[in-house]
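Written below as structure tokens is the structure these notes are about.
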Amino acid sequence: MSLPLALPRQLSRQQRSGLSSAWRQPLALAGIAIVVSWILLAILAPLIVRGDPLAQDFPRFLPPSPQHWFGTDGVGRDVLTRTIYGARISIPLALLLVSLSLLTGSLLGALAGYFGGLVDELVMRAADLVFAFPTLILAMAVLAALGPGLQNAVLAIVVVAWPAYARVVRGLVMSTRGADYVNATRLLGASARRALVIDVLPNVAGPVLVLATLDLGAAILLLSGLSFLGLGARPPAPEWGSMIATGAQTFNFWWVGTFPGLAILTVVLGFNFLGDTLRDALDPRTSRDIRQRVL
Amino acid sequence: MLLGVGITFVAFVLTHLVPGDPAAANLGQRAIADPAAVAAFRAHYGLDKPLPQQYLIYVANLAHGDFGESQQSHRPVRDDLAEYVPATLELSSTAIAISLVFGIGLGVTAAMNRDRVVDQVLRVITLAGVSMPTFWLALVALYIVFFKLGWAPSGGRLDPGQLPDGHVTGFYTIDALLAGDWPTFTSAVAHILLPASVLALYTVSLLTRFTRASVLEVLGNDYIRAARAKGLPERIVIVRHILRAALVPVITVAGVAFGSLLTGTVLVETIFAWPGIGQYAYRSATNLDLPAIMGVSLFVAVVYITVNFAVDLLYGIIDPRIRVG
């Protein structure tokens with residue numbers, strides 16, 4: 001009796017999982033397409049748009065038109081040019097600060113996980129402290145301490161972001177540290193460093209990569225948020241967050257702030273599409289650790 | 001406790017690393033013209049003492065509930081916080097309520113329609129929701145709903161000229177209801193809806209995604225099949241059997257999501273002229289107002305930790321197998 005009931009169900013479940021991996025593909029493709037086009041736009045900016053993002057060459061507040069697709073801002077700069085040049089600030093900085101957080105966090109997390117004891121205590125308590133503050137408020141406090149500016153904003157975000165990597169890496173290192181194959185390597189006379197690199201690193205790479213991809217989006221959001229508040233990039237730099245802040249002052253001229261916002265939205269969406277697909281594909285296991293960070 | 005000491009220490013160290021001179025920031029031109037004023041300013045705020053001593057004084061004062069004096073408002077930070085906190089709590093609790101209702105509802109919908117069109121559309125929408133720059137969304141919402149449509153007020157908690165009904169809870173909506181003041185109540189609701197919705201979008205998206213994942217995990221269990229097999233209506237299966245098990249991880253995420261709400265308040269309050277601690281934090285940070293920043297970070301960290309502790313306690317109620325040790 002149970003067989004006919006169970007069978008169609010299992011079949012349909014298989015079909016569904018087949019389907020689900022199929023419909024997930026377009027999302028990944030869309031993510032790649034968006035991210036690659038933005039990176040190309042950033043690299044080729046001078047070839048794609050005419051003019052200088054800082055040049056005040058045009059009449060003020062021209063609405064979007066065939067000459068100026070995104071219109072011009074309050075001092076006669078072309079909004080399209082500025083928006084595309086904005087990618088040259090946000091994307092490299094996001095890459096830089098995510099790599100910095102990744103390196104710092106992973107190194108500290110690996111040390112904590114491998115050696116345990118006092119090192120572990122120190123690193124993880126420091127991480128707990130950072131986690132006790134909501135990200136933007138801590139970043140604001142750090143920025144107030146270091147002084148506003150784009151460089152310091154990057155530093156402030158690294159201060160906020162490293163503990164996530166430390167936690168994930170520490171957990172993974174701890175779970176592989178006692179594994180038989182790692183012990184075997186050590187017994188064969190390999191150094192701790194070699195064991196970490198050869199045996200432990202491959203286990204860690206996947207989850208950390210997922211975390212980093214999702215973090216790229218988060219980093220761009222945080223960086224532009226800080227610039228919007230006037231703590232990051234300063235005018236006249238064509239940074240998206242500060243462009244939106246300028247647009248907020250001239251409410252009638254919606255195009256000044258709208259397009260940089262769309263730029264942020266699409267870039268972050270691209271990274272999140274990628275990260276989301278990567279997470280499903282690479283590691284269902286550690287998604288819990290990553291969850292805590294994505295917030 | 002250890003965390004508490006750590007937090008005060010971090011807040012203190014951070015805000016005292018300031019290379020910018022708070023005296024110069026607050027006195028402006030007078031700082032250059034009048035060295036005596038600078039010295040008086042420093043002495044008044046204890047800035048002339050060595051740092052360790054400043055920290056000990058700060059912690060000792062803290063133990064008496066004294067956060068120091070704001071260099072901007074020239075009032076005790078405690079009074080500033082007391083004035084601004086209810087506004088933020090009203091905004092963020094409204095947002096969390098919206099998030100829970102819509103997040104859990106949409107998450108269950110997505111899970112029950114796994115891989116169908118609804119689910120796919122929700123996946124794209126929620127991914128867009130977590131990718132949205134909050135401050136930009138707030139501006140767009142304000143532009144469309146207030147400026148173009150005129151459906152909502154531009155900002156603040158009440159219309160100009162309106163006064164809140166007493167300060168029983170500090171929540172203007174509830175205070176107005178308690179006083180039976182209908183016009184003030186509708187005005188307060190009209191003012192809070194837009195900022196709270198903007199603030200909630202991120203957490204709604206987040207909760208939808210986690211509820212979906214969590215419900216899907218539970219769906220595979222035998223007892224769900226048993227419940228359906230014995231002919232229970234789908235509604236009861238969802239509410240009693242699925243949600244109860246699926247909510248535990250969702251509630252954790254809601255606790256952590258509260259932190260992102262507090263982050264969002266800084267941006268949303270600044271745009272909607274909402275007189276809460278988010279706006280206060282922004283003003284303090286840009287003016288290098290040390291005691292104020294410390295007060296805000298401390299307060300927010302304590303709220304955040306408390307909420308997550310409360311979430312741990314909630315586990316025991318939802319899932320009796322878990323006991324808080």
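Lettering and numbering for the structure tokens are positional, with chains as A, B, ... in the shown order, residues counted from 1 in each chain, and ligands counted from 1 in the shown order.
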
- Message: Need the shell around Val142 (chain A): protein/DNA/RNA residues with any atom at most 12 Å away, counting only C-alpha atoms. Skip same-chain ones fewer than 4 positions apart. Format as number ranges by chain?
- Response: A: 130, 133, 135-138, 146-149, 152-160, 226, 231-232; B: 10-19, 285-286, 288, 290, 293-294, 297

Those residues with C-alpha atoms, as a PDB file, in the first residue's frame please?
ATOM      1  CA  VAL A 130      32.749  43.631  17.403  1.00  0.00           C
ATOM      2  CA  PHE A 133      27.712  46.488  17.908  1.00  0.00           C
ATOM      3  CA  THR A 135      27.795  47.369  11.889  1.00  0.00           C
ATOM      4  CA  LEU A 136      27.049  50.908  10.777  1.00  0.00           C
ATOM      5  CA  ILE A 137      27.131  52.355  14.286  1.00  0.00           C
ATOM      6  CA  LEU A 138      30.506  50.780  15.037  1.00  0.00           C
ATOM      7  CA  LEU A 146      39.987  58.107  12.649  1.00  0.00           C
ATOM      8  CA  GLY A 147      38.486  61.146  10.955  1.00  0.00           C
ATOM      9  CA  PRO A 148      36.153  61.056   7.940  1.00  0.00           C
ATOM     10  CA  GLY A 149      37.495  60.088   4.519  1.00  0.00           C
ATOM     11  CA  ASN A 152      39.459  55.565   6.783  1.00  0.00           C
ATOM     12  CA  ALA A 153      36.018  54.328   5.764  1.00  0.00           C
ATOM     13  CA  VAL A 154      37.711  51.287   4.221  1.00  0.00           C
ATOM     14  CA  LEU A 155      39.638  50.710   7.455  1.00  0.00           C
ATOM     15  CA  ALA A 156      36.499  51.140   9.538  1.00  0.00           C
ATOM     16  CA  ILE A 157      34.658  48.534   7.483  1.00  0.00           C
ATOM     17  CA  VAL A 158      37.569  46.099   7.783  1.00  0.00           C
ATOM     18  CA  VAL A 159      37.402  46.536  11.570  1.00  0.00           C
ATOM     19  CA  VAL A 160      33.714  45.644  11.414  1.00  0.00           C
ATOM     20  CA  LEU A 226      28.947  56.018   5.112  1.00  0.00           C
ATOM     21  CA  LEU A 231      31.779  60.237   6.581  1.00  0.00           C
ATOM     22  CA  GLY A 232      33.309  58.492   3.559  1.00  0.00           C
TER      23      GLY A 232
ATOM     24  CA  VAL B  10      35.949  49.664  23.058  1.00  0.00           C
ATOM     25  CA  ALA B  11      33.547  52.587  22.998  1.00  0.00           C
ATOM     26  CA  PHE B  12      35.936  54.608  25.096  1.00  0.00           C
ATOM     27  CA  VAL B  13      39.142  53.741  23.244  1.00  0.00           C
ATOM     28  CA  LEU B  14      37.538  54.341  19.870  1.00  0.00           C
ATOM     29  CA  THR B  15      36.187  57.708  20.700  1.00  0.00           C
ATOM     30  CA  HIS B  16      39.385  58.814  22.381  1.00  0.00           C
ATOM     31  CA  LEU B  17      41.606  57.930  19.444  1.00  0.00           C
ATOM     32  CA  VAL B  18      40.175  60.972  17.753  1.00  0.00           C
ATOM     33  CA  PRO B  19      42.884  62.864  15.952  1.00  0.00           C
ATOM     34  CA  ALA B 285      29.581  61.304  14.804  1.00  0.00           C
ATOM     35  CA  THR B 286      29.851  64.212  12.403  1.00  0.00           C
ATOM     36  CA  LEU B 288      32.989  64.376  17.139  1.00  0.00           C
ATOM     37  CA  LEU B 290      32.602  61.904  22.275  1.00  0.00           C
ATOM     38  CA  ILE B 293      28.803  58.674  20.580  1.00  0.00           C
ATOM     39  CA  MET B 294      29.881  56.557  23.513  1.00  0.00           C
ATOM     40  CA  SER B 297      27.115  52.854  21.025  1.00  0.00           C
TER      41      SER B 297
END

- Contacts of Val35 (chain A) within 9 Å, only C-alpha atoms, excl. fewer than 6 positions in-chain, as number ranges by chain: A: 266-271, 274

Could you write those residues out with N, CA and C atoms, as a tab-separated table (two decimals), in the first residue's frame?
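New file selection-v9.tsv:
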chain	number	residue	atom	x	y	z
A	266	THR	N	22.10	47.59	-8.59
A	266	THR	CA	22.42	46.54	-9.56
A	266	THR	C	23.74	45.84	-9.22
A	267	VAL	N	24.76	46.60	-8.82
A	267	VAL	CA	26.03	45.94	-8.50
A	267	VAL	C	25.85	44.97	-7.33
A	268	VAL	N	25.20	45.46	-6.27
A	268	VAL	CA	25.03	44.62	-5.09
A	268	VAL	C	24.18	43.40	-5.43
A	269	LEU	N	23.15	43.63	-6.23
A	269	LEU	CA	22.29	42.52	-6.66
A	269	LEU	C	23.10	41.48	-7.42
A	270	GLY	N	23.98	41.95	-8.30
A	270	GLY	CA	24.83	41.03	-9.05
A	270	GLY	C	25.67	40.16	-8.12
A	271	PHE	N	26.34	40.80	-7.15
A	271	PHE	CA	27.17	40.02	-6.21
A	271	PHE	C	26.31	39.07	-5.40
A	274	LEU	N	25.30	36.01	-7.40
A	274	LEU	CA	26.45	35.11	-7.46
A	274	LEU	C	26.66	34.38	-6.15

- Message: With only C-alpha atoms as the counted atoms, please give the residues lying no more than 7 Å from Ala188 (chain B), apart from itself and same-chain residues fewer than 3 positions off, as a ChimeraX atom specification.
- Response: /B:157-158,172-173,184-185,191-192

- Point out the residue among B:Val117, B:Leu216, B:Ile96, B:Leu139 with the least atom-to-atom distance to Ala257 (chain B), counting only C-alpha atoms.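 Counting only C-alpha atoms, the residue closest to Ala257 (chain B) is B:Ile96.
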
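Nearest to chain A of all the residues B:Val5, B:Ala176, B:Leu201, B:Leu262 is B:Leu262, based on only C-alpha atoms.
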